[in-house]
$ cat run_1.cif   # mmCIF, C-alpha atoms and all ligand atoms
data_final
#
loop_
_atom_site.label_atom_id
_atom_site.label_comp_id
_atom_site.auth_asym_id
_atom_site.auth_seq_id
_atom_site.Cartn_x
_atom_site.Cartn_y
_atom_site.Cartn_z
CA MET A 14 -129.60 -8.89 61.37
CA VAL A 15 -128.99 -11.04 58.28
CA LEU A 16 -132.18 -13.02 58.77
CA LYS A 17 -135.41 -11.48 57.63
CA MET A 18 -137.58 -11.59 60.76
CA ASP A 19 -139.96 -8.66 60.20
CA ARG A 20 -143.18 -10.58 60.81
CA SER A 21 -141.69 -12.17 63.95
CA ASN A 22 -140.78 -8.69 65.13
CA GLU A 23 -144.34 -7.46 64.55
CA LEU A 24 -145.81 -10.45 66.33
CA PHE A 25 -143.41 -10.01 69.22
CA GLU A 26 -144.49 -6.38 69.63
CA GLU A 27 -148.11 -7.54 69.69
CA ALA A 28 -147.38 -10.51 71.97
CA LYS A 29 -145.68 -8.29 74.56
CA LYS A 30 -148.97 -6.43 75.08
CA TYR A 31 -150.72 -9.58 76.26
CA LEU A 32 -148.14 -12.20 77.17
CA VAL A 33 -145.47 -11.58 79.77
CA GLY A 34 -142.26 -10.87 77.88
CA GLY A 35 -144.07 -11.96 74.73
CA VAL A 36 -143.62 -15.64 75.56
CA ASN A 37 -145.15 -18.35 77.71
CA SER A 38 -141.94 -19.84 79.02
CA PRO A 39 -138.79 -17.76 79.63
CA VAL A 40 -136.49 -20.13 77.70
CA ARG A 41 -138.29 -19.12 74.50
CA TYR A 42 -137.15 -15.52 74.69
CA PHE A 43 -133.85 -14.34 73.30
CA LYS A 44 -132.66 -10.91 72.28
CA PRO A 45 -133.79 -8.95 70.40
CA TYR A 46 -136.86 -11.15 69.82
CA PRO A 47 -137.54 -14.80 69.04
CA PHE A 48 -138.77 -16.09 65.70
CA PHE A 49 -142.43 -17.07 65.71
CA VAL A 50 -143.19 -20.52 64.36
CA GLU A 51 -145.79 -21.16 61.70
CA LYS A 52 -145.39 -24.89 61.34
CA ALA A 53 -142.98 -27.77 61.82
CA LYS A 54 -142.28 -31.00 59.97
CA ASP A 55 -139.67 -33.71 60.61
CA CYS A 56 -136.50 -31.96 61.82
CA TYR A 57 -137.53 -28.54 60.48
CA LEU A 58 -139.19 -25.48 61.98
CA PHE A 59 -140.71 -22.91 59.61
CA ASP A 60 -141.16 -19.37 60.87
CA VAL A 61 -143.69 -16.71 59.94
CA ASP A 62 -141.14 -14.92 57.72
CA GLY A 63 -140.59 -17.99 55.55
CA ASN A 64 -137.29 -19.05 57.18
CA CYS A 65 -136.63 -22.74 57.68
CA TYR A 66 -134.42 -24.06 60.49
CA ILE A 67 -132.96 -27.46 61.22
CA ASP A 68 -134.20 -27.99 64.75
CA TYR A 69 -131.90 -29.29 67.51
CA CYS A 70 -134.08 -27.92 70.30
CA LEU A 71 -136.97 -30.25 69.50
CA ALA A 72 -139.35 -28.34 71.78
CA TYR A 73 -136.80 -28.82 74.59
CA GLY A 74 -136.73 -32.53 74.09
CA PRO A 75 -139.93 -34.35 73.27
CA MET A 76 -139.94 -34.37 69.44
CA VAL A 77 -137.46 -37.21 68.93
CA LEU A 78 -139.46 -38.70 66.06
CA GLY A 79 -139.46 -35.32 64.37
CA HIS A 80 -142.36 -32.89 64.14
CA ALA A 81 -145.79 -33.91 62.89
CA ASN A 82 -145.08 -37.64 62.98
CA GLU A 83 -147.69 -39.39 60.81
CA LYS A 84 -148.42 -42.26 63.20
CA ILE A 85 -148.92 -39.92 66.13
CA ILE A 86 -151.20 -37.66 64.06
CA GLU A 87 -153.31 -40.60 62.95
CA ALA A 88 -153.66 -42.02 66.47
CA VAL A 89 -154.45 -38.62 68.00
CA LYS A 90 -157.04 -37.78 65.31
CA GLU A 91 -158.81 -41.05 66.04
CA GLN A 92 -158.73 -40.36 69.77
CA LEU A 93 -160.02 -36.78 69.30
CA GLU A 94 -163.19 -38.19 67.71
CA LEU A 95 -163.67 -40.27 70.84
CA GLY A 96 -163.30 -37.38 73.28
CA SER A 97 -160.39 -35.54 74.82
CA ALA A 98 -160.92 -35.83 78.60
CA TYR A 99 -163.19 -38.04 80.64
CA GLY A 100 -162.29 -37.77 84.30
CA CYS A 101 -162.58 -41.56 84.27
CA PRO A 102 -160.00 -44.28 83.65
CA THR A 103 -159.29 -45.67 80.18
CA GLU A 104 -157.76 -48.85 78.81
CA LYS A 105 -155.09 -46.82 77.02
CA GLU A 106 -153.65 -45.70 80.37
CA ILE A 107 -153.02 -49.36 81.17
CA ILE A 108 -151.40 -49.91 77.76
CA LEU A 109 -148.98 -47.02 78.22
CA ALA A 110 -148.29 -47.90 81.87
CA LYS A 111 -147.43 -51.48 80.83
CA GLU A 112 -145.02 -50.15 78.19
CA VAL A 113 -143.35 -47.93 80.77
CA VAL A 114 -143.04 -50.81 83.25
CA LYS A 115 -141.62 -53.06 80.52
CA ARG A 116 -138.91 -50.52 79.67
CA VAL A 117 -137.93 -48.59 82.78
CA PRO A 118 -136.03 -50.76 85.30
CA CYS A 119 -137.33 -49.12 88.51
CA ALA A 120 -140.92 -48.87 87.30
CA GLU A 121 -143.27 -51.35 88.89
CA MET A 122 -146.15 -48.88 89.02
CA VAL A 123 -146.96 -45.60 87.31
CA ARG A 124 -148.90 -42.42 88.07
CA PHE A 125 -149.43 -40.20 85.02
CA VAL A 126 -149.47 -36.44 85.50
CA ASN A 127 -149.27 -33.51 83.07
CA SER A 128 -145.70 -32.22 83.19
CA GLY A 129 -142.22 -32.89 84.47
CA THR A 130 -142.74 -30.20 87.09
CA GLU A 131 -145.75 -32.02 88.51
CA ALA A 132 -143.87 -35.30 88.40
CA THR A 133 -140.90 -34.10 90.46
CA MET A 134 -143.16 -32.21 92.89
CA SER A 135 -145.17 -35.36 93.59
CA ALA A 136 -142.10 -37.61 93.64
CA ILE A 137 -140.57 -35.47 96.39
CA ARG A 138 -143.84 -35.52 98.35
CA LEU A 139 -143.92 -39.28 97.93
CA ALA A 140 -140.36 -39.64 99.23
CA ARG A 141 -141.12 -37.41 102.21
CA GLY A 142 -144.36 -39.21 102.95
CA VAL A 143 -142.81 -42.66 102.73
CA THR A 144 -139.72 -41.88 104.83
CA GLY A 145 -141.37 -39.46 107.27
CA ARG A 146 -138.36 -37.16 106.69
CA LYS A 147 -138.36 -33.53 105.55
CA LYS A 148 -134.99 -32.81 103.98
CA ILE A 149 -134.03 -33.39 100.38
CA ILE A 150 -130.72 -33.18 98.57
CA LYS A 151 -130.66 -31.38 95.24
CA PHE A 152 -127.63 -30.63 93.08
CA ASP A 153 -126.55 -27.09 92.22
CA GLY A 154 -127.77 -26.19 88.76
CA ALA A 155 -130.20 -29.07 88.46
CA TYR A 156 -133.60 -28.04 87.19
CA HIS A 157 -136.47 -30.20 88.37
CA GLY A 158 -139.25 -28.00 87.08
CA ALA A 159 -140.67 -24.73 88.29
CA HIS A 160 -142.05 -25.64 91.72
CA ASP A 161 -140.94 -24.13 95.00
CA TYR A 162 -138.90 -26.87 96.71
CA VAL A 163 -136.42 -27.17 93.86
CA LEU A 164 -136.26 -23.72 92.26
CA VAL A 165 -133.04 -22.84 94.05
CA LYS A 166 -129.64 -22.74 92.38
CA SER A 167 -131.63 -23.87 89.42
CA GLY A 168 -130.58 -24.33 85.80
CA SER A 169 -132.54 -23.90 82.57
CA GLY A 170 -134.37 -20.59 82.02
CA ALA A 171 -133.94 -19.53 85.66
CA LEU A 172 -130.16 -19.55 85.20
CA THR A 173 -130.22 -18.28 81.61
CA HIS A 174 -132.21 -15.23 82.68
CA GLY A 175 -130.04 -14.62 85.71
CA HIS A 176 -132.30 -15.72 88.56
CA PRO A 177 -131.34 -19.25 89.62
CA ASN A 178 -133.07 -18.54 92.95
CA SER A 179 -136.54 -17.27 92.20
CA PRO A 180 -137.96 -14.54 94.39
CA GLY A 181 -141.42 -15.46 95.70
CA ILE A 182 -140.26 -18.68 97.32
CA PRO A 183 -140.18 -18.25 101.11
CA GLU A 184 -136.94 -19.42 102.71
CA GLU A 185 -139.07 -21.59 105.01
CA THR A 186 -140.02 -23.55 101.89
CA THR A 187 -136.47 -24.25 100.79
CA LYS A 188 -134.78 -24.54 104.17
CA ASN A 189 -135.10 -28.31 103.85
CA THR A 190 -133.53 -28.36 100.41
CA ILE A 191 -129.82 -29.14 100.82
CA LEU A 192 -127.78 -27.92 97.86
CA ILE A 193 -124.54 -29.58 96.89
CA PRO A 194 -122.27 -29.67 93.83
CA PHE A 195 -122.77 -32.46 91.29
CA ASN A 196 -120.03 -35.06 90.82
CA ASP A 197 -118.62 -34.49 94.33
CA GLU A 198 -118.77 -37.58 96.55
CA ASP A 199 -117.43 -35.84 99.64
CA ALA A 200 -120.17 -33.21 99.49
CA VAL A 201 -122.81 -35.93 99.53
CA LYS A 202 -121.14 -37.74 102.45
CA LYS A 203 -120.87 -34.50 104.39
CA ALA A 204 -124.52 -33.55 103.81
CA ILE A 205 -125.69 -36.97 104.89
CA ASN A 206 -123.48 -36.98 108.01
CA GLU A 207 -124.67 -33.53 109.02
CA ASN A 208 -128.33 -34.48 108.57
CA LYS A 209 -128.40 -38.05 109.90
CA ASP A 210 -131.83 -39.69 109.52
CA GLU A 211 -133.37 -36.47 108.25
CA ILE A 212 -132.98 -36.81 104.51
CA ALA A 213 -135.92 -38.21 102.58
CA CYS A 214 -134.39 -38.30 99.13
CA ILE A 215 -131.64 -37.33 96.77
CA ILE A 216 -133.11 -36.06 93.51
CA VAL A 217 -130.73 -36.09 90.58
CA GLU A 218 -130.77 -35.68 86.81
CA PRO A 219 -128.45 -38.58 85.88
CA VAL A 220 -127.19 -36.37 83.05
CA MET A 221 -127.67 -32.70 83.83
CA GLY A 222 -129.50 -31.67 80.68
CA ASN A 223 -130.88 -28.48 82.16
CA VAL A 224 -127.53 -26.83 82.64
CA GLY A 225 -126.22 -27.88 79.24
CA CYS A 226 -125.02 -31.46 79.18
CA ILE A 227 -123.06 -32.37 82.32
CA LEU A 228 -122.15 -36.02 82.51
CA PRO A 229 -121.85 -37.98 85.74
CA LYS A 230 -118.26 -38.99 86.55
CA ASP A 231 -117.61 -42.73 86.31
CA GLY A 232 -119.09 -44.45 89.33
CA TYR A 233 -120.89 -41.37 90.63
CA LEU A 234 -124.43 -42.66 90.13
CA GLU A 235 -123.40 -46.03 91.60
CA PHE A 236 -122.02 -44.14 94.60
CA LEU A 237 -125.34 -42.29 95.01
CA ARG A 238 -127.19 -45.61 94.86
CA GLU A 239 -125.00 -47.17 97.56
CA ILE A 240 -124.95 -44.27 99.97
CA THR A 241 -128.71 -43.73 99.75
CA GLU A 242 -129.38 -47.40 100.37
CA GLU A 243 -127.04 -47.43 103.38
CA ASN A 244 -128.81 -44.42 104.90
CA GLY A 245 -132.49 -45.18 104.26
CA ILE A 246 -132.68 -42.34 101.73
CA LEU A 247 -134.75 -42.73 98.58
CA LEU A 248 -132.96 -42.11 95.30
CA ILE A 249 -135.02 -40.22 92.70
CA PHE A 250 -133.78 -40.07 89.12
CA ASP A 251 -135.31 -37.12 87.34
CA GLU A 252 -135.48 -38.66 83.88
CA VAL A 253 -137.76 -36.08 82.31
CA ILE A 254 -134.99 -35.47 79.78
CA THR A 255 -133.08 -38.76 79.79
CA GLY A 256 -136.11 -41.08 79.97
CA PHE A 257 -136.56 -43.14 76.76
CA ARG A 258 -133.70 -41.05 75.29
CA LEU A 259 -130.41 -42.55 76.52
CA ALA A 260 -131.84 -46.03 76.07
CA LYS A 261 -135.27 -47.69 75.98
CA GLY A 262 -135.19 -47.73 79.78
CA GLY A 263 -133.56 -44.29 80.06
CA ALA A 264 -130.47 -43.38 82.07
CA GLN A 265 -131.11 -46.13 84.61
CA GLU A 266 -130.73 -48.74 81.86
CA TYR A 267 -127.82 -46.89 80.23
CA PHE A 268 -125.80 -46.62 83.47
CA GLY A 269 -127.15 -49.78 85.10
CA VAL A 270 -128.16 -47.94 88.27
CA VAL A 271 -131.73 -48.43 89.44
CA PRO A 272 -133.27 -45.68 91.60
CA ASP A 273 -136.26 -46.08 93.93
CA ILE A 274 -138.39 -43.55 92.09
CA ALA A 275 -138.06 -41.87 88.69
CA THR A 276 -139.83 -38.99 87.02
CA LEU A 277 -140.63 -39.00 83.32
CA GLY A 278 -142.10 -36.57 80.80
CA LYS A 279 -141.18 -35.06 77.41
CA ILE A 280 -140.74 -38.08 75.06
CA LEU A 281 -143.43 -40.00 76.98
CA GLY A 282 -146.13 -37.64 75.65
CA GLY A 283 -145.06 -37.63 72.00
CA GLY A 284 -145.33 -33.83 71.85
CA PHE A 285 -148.35 -33.52 74.15
CA PRO A 286 -148.23 -32.53 77.84
CA ILE A 287 -147.43 -35.42 80.14
CA GLY A 288 -145.37 -36.43 83.15
CA ALA A 289 -145.14 -39.59 85.22
CA ILE A 290 -143.89 -40.76 88.56
CA VAL A 291 -142.75 -44.38 88.54
CA GLY A 292 -141.16 -46.58 91.14
CA ARG A 293 -141.21 -49.65 93.30
CA ARG A 294 -144.67 -51.01 94.08
CA GLU A 295 -144.50 -50.63 97.87
CA ILE A 296 -143.47 -47.00 97.46
CA MET A 297 -145.96 -46.11 94.74
CA GLU A 298 -148.82 -47.72 96.65
CA GLN A 299 -148.46 -44.99 99.26
CA PHE A 300 -150.11 -42.61 96.77
CA SER A 301 -153.83 -41.99 97.21
CA PRO A 302 -156.28 -43.74 96.80
CA LEU A 303 -154.36 -46.73 98.24
CA GLY A 304 -152.21 -44.68 100.59
CA ALA A 305 -152.59 -41.30 102.20
CA ILE A 306 -150.10 -39.31 100.10
CA TYR A 307 -152.23 -37.11 97.91
CA GLN A 308 -151.60 -36.76 94.21
CA ALA A 309 -154.31 -35.73 91.76
CA GLY A 310 -155.14 -33.87 88.55
CA THR A 311 -158.09 -33.28 86.22
CA PHE A 312 -155.90 -34.03 83.21
CA ASN A 313 -153.83 -36.85 84.71
CA GLY A 314 -153.74 -39.67 82.16
CA ASN A 315 -155.27 -37.40 79.52
CA PRO A 316 -156.36 -39.63 76.63
CA ILE A 317 -154.78 -37.45 73.94
CA SER A 318 -151.36 -37.39 75.61
CA ILE A 319 -151.60 -41.07 76.46
CA THR A 320 -152.48 -41.93 72.86
CA ALA A 321 -149.55 -39.89 71.55
CA GLY A 322 -147.32 -41.56 74.13
CA ILE A 323 -148.29 -45.05 73.00
CA ALA A 324 -147.75 -44.13 69.34
CA THR A 325 -144.34 -42.71 70.26
CA LEU A 326 -142.96 -45.57 72.33
CA GLU A 327 -144.01 -48.02 69.60
CA GLN A 328 -141.63 -46.26 67.21
CA LEU A 329 -138.59 -46.15 69.50
CA ASP A 330 -136.84 -49.20 68.09
CA ASP A 331 -133.17 -50.21 68.09
CA ARG A 332 -132.56 -48.25 64.89
CA PHE A 333 -133.88 -45.10 66.56
CA TYR A 334 -131.33 -45.35 69.39
CA LYS A 335 -128.46 -46.23 67.08
CA GLU A 336 -129.13 -43.47 64.55
CA THR A 337 -129.89 -40.63 66.98
CA ALA A 338 -126.72 -41.45 68.95
CA ARG A 339 -124.67 -41.68 65.75
CA THR A 340 -125.74 -38.26 64.46
CA ALA A 341 -125.32 -36.52 67.83
CA LYS A 342 -121.80 -37.94 68.09
CA ILE A 343 -120.90 -36.69 64.59
CA LEU A 344 -122.01 -33.18 65.56
CA ALA A 345 -120.24 -33.26 68.93
CA ASP A 346 -117.01 -34.49 67.26
CA THR A 347 -117.35 -31.76 64.64
CA LEU A 348 -117.71 -29.07 67.29
CA ARG A 349 -114.59 -30.37 69.08
CA GLU A 350 -112.59 -30.40 65.84
CA LEU A 351 -113.73 -26.89 64.93
CA ALA A 352 -112.89 -25.54 68.37
CA ASP A 353 -109.39 -27.02 67.97
CA LYS A 354 -108.95 -25.82 64.41
CA TYR A 355 -109.98 -22.23 65.19
CA ASN A 356 -108.36 -22.22 68.60
CA ILE A 357 -111.56 -21.44 70.48
CA PRO A 358 -111.60 -22.58 74.12
CA ALA A 359 -114.55 -24.94 74.27
CA LYS A 360 -115.71 -28.18 75.84
CA VAL A 361 -118.23 -30.41 74.12
CA TYR A 362 -120.22 -33.16 75.81
CA ASN A 363 -122.30 -35.87 74.24
CA ILE A 364 -124.21 -38.89 75.35
CA ALA A 365 -126.64 -40.84 73.15
CA SER A 366 -128.66 -38.20 71.26
CA MET A 367 -127.76 -35.33 73.62
CA PHE A 368 -124.92 -32.82 73.08
CA GLN A 369 -123.86 -29.33 74.07
CA ILE A 370 -120.91 -27.00 73.71
CA TYR A 371 -119.63 -24.74 76.50
CA PHE A 372 -117.24 -21.91 75.60
CA ASN A 373 -115.03 -22.71 78.54
CA ASP A 374 -111.46 -23.98 78.89
CA LYS A 375 -112.23 -26.09 81.97
CA GLU A 376 -113.93 -29.46 82.04
CA VAL A 377 -117.54 -28.73 82.91
CA VAL A 378 -118.37 -31.14 85.72
CA ASN A 379 -120.71 -28.96 87.72
CA TYR A 380 -122.82 -25.81 87.83
CA GLU A 381 -120.09 -23.49 89.14
CA ILE A 382 -117.86 -24.30 86.19
CA ALA A 383 -120.75 -24.23 83.70
CA LYS A 384 -121.57 -20.71 84.88
CA GLN A 385 -118.04 -19.54 84.00
CA SER A 386 -118.65 -20.27 80.30
CA ASP A 387 -118.56 -17.41 77.81
CA VAL A 388 -122.19 -16.40 77.27
CA GLU A 389 -121.39 -13.72 74.72
CA ARG A 390 -119.52 -16.15 72.51
CA PHE A 391 -122.31 -18.68 72.88
CA MET A 392 -124.88 -16.15 71.66
CA LYS A 393 -122.62 -15.34 68.69
CA TYR A 394 -122.53 -19.07 67.92
CA PHE A 395 -126.31 -19.29 68.38
CA TRP A 396 -127.02 -16.38 66.01
CA GLY A 397 -124.42 -17.56 63.52
CA LEU A 398 -126.16 -20.91 63.31
CA LEU A 399 -129.63 -19.42 63.18
CA GLU A 400 -128.64 -17.16 60.30
CA ARG A 401 -127.48 -20.29 58.49
CA GLY A 402 -130.73 -22.16 59.13
CA VAL A 403 -129.81 -24.14 62.23
CA PHE A 404 -131.69 -23.71 65.51
CA VAL A 405 -130.07 -24.78 68.77
CA PRO A 406 -131.56 -23.76 72.14
CA PRO A 407 -130.66 -20.11 72.77
CA SER A 408 -128.68 -20.91 75.92
CA GLN A 409 -125.70 -23.06 76.81
CA PHE A 410 -127.71 -24.07 79.88
CA GLU A 411 -130.00 -26.17 77.71
CA CYS A 412 -129.17 -29.28 75.71
CA CYS A 413 -129.29 -30.08 71.98
CA PHE A 414 -131.01 -33.23 70.77
CA THR A 415 -131.05 -35.17 67.53
CA SER A 416 -134.19 -36.84 66.21
CA ILE A 417 -134.61 -39.79 63.87
CA LYS A 418 -135.28 -37.26 61.10
CA HIS A 419 -131.79 -35.74 61.29
CA ASP A 420 -130.38 -37.76 58.39
CA ASP A 421 -126.93 -37.53 56.80
CA GLU A 422 -127.92 -34.75 54.44
CA VAL A 423 -129.21 -32.65 57.34
CA ILE A 424 -126.10 -33.40 59.38
CA ASP A 425 -123.85 -32.34 56.47
CA LYS A 426 -125.74 -29.04 56.17
CA THR A 427 -125.33 -28.51 59.90
CA ILE A 428 -121.61 -29.25 59.75
CA ASN A 429 -121.17 -26.68 56.96
CA ALA A 430 -123.05 -24.10 59.01
CA MET A 431 -120.92 -24.89 62.07
CA GLU A 432 -117.69 -24.52 60.09
CA GLU A 433 -118.76 -21.09 58.79
CA VAL A 434 -119.80 -19.96 62.25
CA PHE A 435 -116.53 -21.04 63.88
CA LYS A 436 -114.56 -19.03 61.33
CA SER A 437 -116.23 -15.91 62.69
CA LEU A 438 -116.07 -16.72 66.40
CA GLU A 439 -112.69 -15.30 67.51
N1 LIG A 501 -135.14 -26.98 80.14
C1 LIG A 501 -136.57 -26.78 80.28
C2 LIG A 501 -137.21 -28.09 80.49
O1 LIG A 501 -136.66 -29.12 80.52
C3 LIG A 501 -137.09 -26.04 79.11
C4 LIG A 501 -138.60 -25.98 79.03
C5 LIG A 501 -139.17 -24.67 79.50
O2 LIG A 501 -138.80 -24.17 80.55
O3 LIG A 501 -140.07 -24.18 78.81
#

$ encode --input "run_1.cif" --output "structure tokens" --more "lines below"
Ligand SMILES: N[C@H](C=O)CCC(=O)O
Amino acid sequence: MVLKMDRSNELFEEAKKYLVGGVNSPVRYFKPYPFFVEKAKDCYLFDVDGNCYIDYCLAYGPMVLGHANEKIIEAVKEQLELGSAYGCPTEKEIILAKEVVKRVPCAEMVRFVNSGTEATMSAIRLARGVTGRKKIIKFDGAYHGAHDYVLVKSGSGALTHGHPNSPGIPEETTKNTILIPFNDEDAVKKAINENKDEIACIIVEPVMGNVGCILPKDGYLEFLREITEENGILLIFDEVITGFRLAKGGAQEYFGVVPDIATLGKILGGGFPIGAIVGRREIMEQFSPLGAIYQAGTFNGNPISITAGIATLEQLDDRFYKETARTAKILADTLRELADKYNIPAKVYNIASMFQIYFNDKEVVNYEIAKQSDVERFMKYFWGLLERGVFVPPSQFECCFTSIKHDDEVIDKTINAMEEVFKSLE
């Protein structure tokens, strides 16, 4: 190993004694051991061995303003003095909810929760409760968090670590989860025809950011909108990744397709745990205490996360969207050029501030094709970049993100690192 990672190694040995696999989320582990972080600032992570990395993982998505953003720190410090959990409502929840409603096209009402996992779990319950139907359609490779109904043919860490179907989930629990390939209209039609009046919802990541970066084919999201409407099925956009990222109003604004319900997280909490279910008023009002569909949580609407969320959304201006998209595109174009120049079979996808490379000669339009990508070469690319001070997620089944702090100087350094890495990739 070129990188000096001795202290990380020591900490990993210690961590393994107390924490399963030495980590608290599987995506954080990579062989032989991950670097341990000491601190982070702007677009940089600093590890315990004194290495500094340009960060394109951004904590798997939330840190789009960069790490340790001054305005968020100031607002959170102030809120900490006022208390960190009340079990009672606060005015700040209204402020953040209003901001969400202003931005996100389908959002007429909001329920704040603590994670994307909780958001999708409750959104599915809501859809089932409202429609009185049991079945749901989920796309192969989509990752909607770590709860039972959707952890089948799943992306993200489940796929990276070789278990897209997690043991421990009874087949009775997932027998109502219909799995179909993404970007395939006929598969959707067939599933709906075979399960007439039984499907509560289609849940979809408009851009599949948990199996790399798979883009919807032109017209595909529009097709999902039409066919769900025609069949009394609720359309759920899982915008935990795309929300506030592709545009102020997320993927639904970017693509101009408005779902019935959406789930949010990541950016919404400004680096603190949060999730949200949003949707049309008559649907959302079925949640308790107005309706009978139960949804609850001690930390729902937690004042620290809400405060960080308000301070974050305030800073997502037009310049933010323009710049983060510009830098991600430069990197995606660079990767394409390098793959061409060094004759490495690769496909690169990019939308707004998201991008990912697959070492694959086929267009990656779904999970089956994504899975055929060359993992070994990807890990060579990953380590090559890391050794040159650039951190991308350690799996091609995750997505890279740019933040507002990735300026031209940082991008140039990244391009140089990429060029050096590609030279050694054959
Ligand atoms: N891709 C996951 C979430 O979106 C990564 C986060 C995790 O599993 O820790």

$ closest_atom_pairs --input "run_1.cif" --of "chain A" --to "ligand LIG 501 (chain A)" --cutoff "10 Å" --atoms "all atoms listed in the file" --output "JSON lines"
{"residue": "A:Val36", "atom": "CA", "partner": "A:LIG501", "partner_atom": "O3", "distance": 9.8}
{"residue": "A:Asn37", "atom": "CA", "partner": "A:LIG501", "partner_atom": "O3", "distance": 7.8}
{"residue": "A:Ser38", "atom": "CA", "partner": "A:LIG501", "partner_atom": "O3", "distance": 4.7}
{"residue": "A:Pro39", "atom": "CA", "partner": "A:LIG501", "partner_atom": "O2", "distance": 6.5}
{"residue": "A:Val40", "atom": "CA", "partner": "A:LIG501", "partner_atom": "O2", "distance": 5.5}
{"residue": "A:Arg41", "atom": "CA", "partner": "A:LIG501", "partner_atom": "O3", "distance": 6.9}
{"residue": "A:Cys70", "atom": "CA", "partner": "A:LIG501", "partner_atom": "C3", "distance": 9.5}
{"residue": "A:Ala72", "atom": "CA", "partner": "A:LIG501", "partner_atom": "C4", "distance": 7.7}
{"residue": "A:Tyr73", "atom": "CA", "partner": "A:LIG501", "partner_atom": "C3", "distance": 5.3}
{"residue": "A:Gly74", "atom": "CA", "partner": "A:LIG501", "partner_atom": "O1", "distance": 7.3}
{"residue": "A:Pro75", "atom": "CA", "partner": "A:LIG501", "partner_atom": "O1", "distance": 9.5}
{"residue": "A:Ser128", "atom": "CA", "partner": "A:LIG501", "partner_atom": "C2", "distance": 9.8}
{"residue": "A:Gly129", "atom": "CA", "partner": "A:LIG501", "partner_atom": "O1", "distance": 7.8}
{"residue": "A:Thr130", "atom": "CA", "partner": "A:LIG501", "partner_atom": "C2", "distance": 8.9}
{"residue": "A:Ala155", "atom": "CA", "partner": "A:LIG501", "partner_atom": "N1", "distance": 9.9}
{"residue": "A:Tyr156", "atom": "CA", "partner": "A:LIG501", "partner_atom": "N1", "distance": 7.3}
{"residue": "A:His157", "atom": "CA", "partner": "A:LIG501", "partner_atom": "O1", "distance": 7.9}
{"residue": "A:Gly158", "atom": "CA", "partner": "A:LIG501", "partner_atom": "C2", "distance": 6.9}
{"residue": "A:Ala159", "atom": "CA", "partner": "A:LIG501", "partner_atom": "O2", "distance": 8.0}
{"residue": "A:Gly168", "atom": "CA", "partner": "A:LIG501", "partner_atom": "N1", "distance": 7.7}
{"residue": "A:Ser169", "atom": "CA", "partner": "A:LIG501", "partner_atom": "N1", "distance": 4.7}
{"residue": "A:Gly170", "atom": "CA", "partner": "A:LIG501", "partner_atom": "O2", "distance": 5.9}
{"residue": "A:Ala171", "atom": "CA", "partner": "A:LIG501", "partner_atom": "O2", "distance": 8.4}
{"residue": "A:Gly222", "atom": "CA", "partner": "A:LIG501", "partner_atom": "N1", "distance": 7.4}
{"residue": "A:Asn223", "atom": "CA", "partner": "A:LIG501", "partner_atom": "N1", "distance": 4.9}
{"residue": "A:Val224", "atom": "CA", "partner": "A:LIG501", "partner_atom": "N1", "distance": 8.0}
{"residue": "A:Gly225", "atom": "CA", "partner": "A:LIG501", "partner_atom": "N1", "distance": 9.0}
{"residue": "A:Val253", "atom": "CA", "partner": "A:LIG501", "partner_atom": "O1", "distance": 7.3}
{"residue": "A:Ile254", "atom": "CA", "partner": "A:LIG501", "partner_atom": "O1", "distance": 6.6}
{"residue": "A:Gly278", "atom": "CA", "partner": "A:LIG501", "partner_atom": "O1", "distance": 9.2}
{"residue": "A:Lys279", "atom": "CA", "partner": "A:LIG501", "partner_atom": "O1", "distance": 8.1}
{"residue": "A:Pro406", "atom": "CA", "partner": "A:LIG501", "partner_atom": "C3", "distance": 9.2}
{"residue": "A:Ser408", "atom": "CA", "partner": "A:LIG501", "partner_atom": "N1", "distance": 9.8}
{"residue": "A:Phe410", "atom": "CA", "partner": "A:LIG501", "partner_atom": "N1", "distance": 8.0}
{"residue": "A:Glu411", "atom": "CA", "partner": "A:LIG501", "partner_atom": "N1", "distance": 5.7}
{"residue": "A:Cys412", "atom": "CA", "partner": "A:LIG501", "partner_atom": "N1", "distance": 7.8}

$ closest_residue --input "run_1.cif" --among "A:Glu381, A:Asp251, A:Glu198, A:Asp346" --to "Ala264 of chain A" --atoms "all atoms listed in the file"
A:Asp251

$ closest_residue --input "run_1.cif" --among "A:Tyr162, A:Phe59, A:Tyr334, A:Tyr362" --to "Ile137 of chain A" --atoms "only C-alpha atoms"
A:Tyr162

$ closest_residue --input "run_1.cif" --among "A:Thr103, A:Thr173, A:Asn64, A:Ser366" --to "Leu259 of chain A" --atoms "only C-alpha atoms"
A:Ser366

$ closest_residue --input "run_1.cif" --among "A:Ser21, A:Asn429, A:Asn379, A:Thr133" --to "Val220 of chain A" --atoms "all atoms listed in the file"
A:Asn379

$ residues_around --input "run_1.cif" --residues "segment 384-397 of chain A" --least-positions-apart "6" --cutoff "7 Å" --atoms "only C-alpha atoms" --output "count of residues only"
7

$ closest_residue --input "run_1.cif" --among "A:Ile212, A:Cys56, A:Ile428, A:Ala132" --to "Gly145 of chain A" --atoms "all atoms listed in the file"
A:Ile212
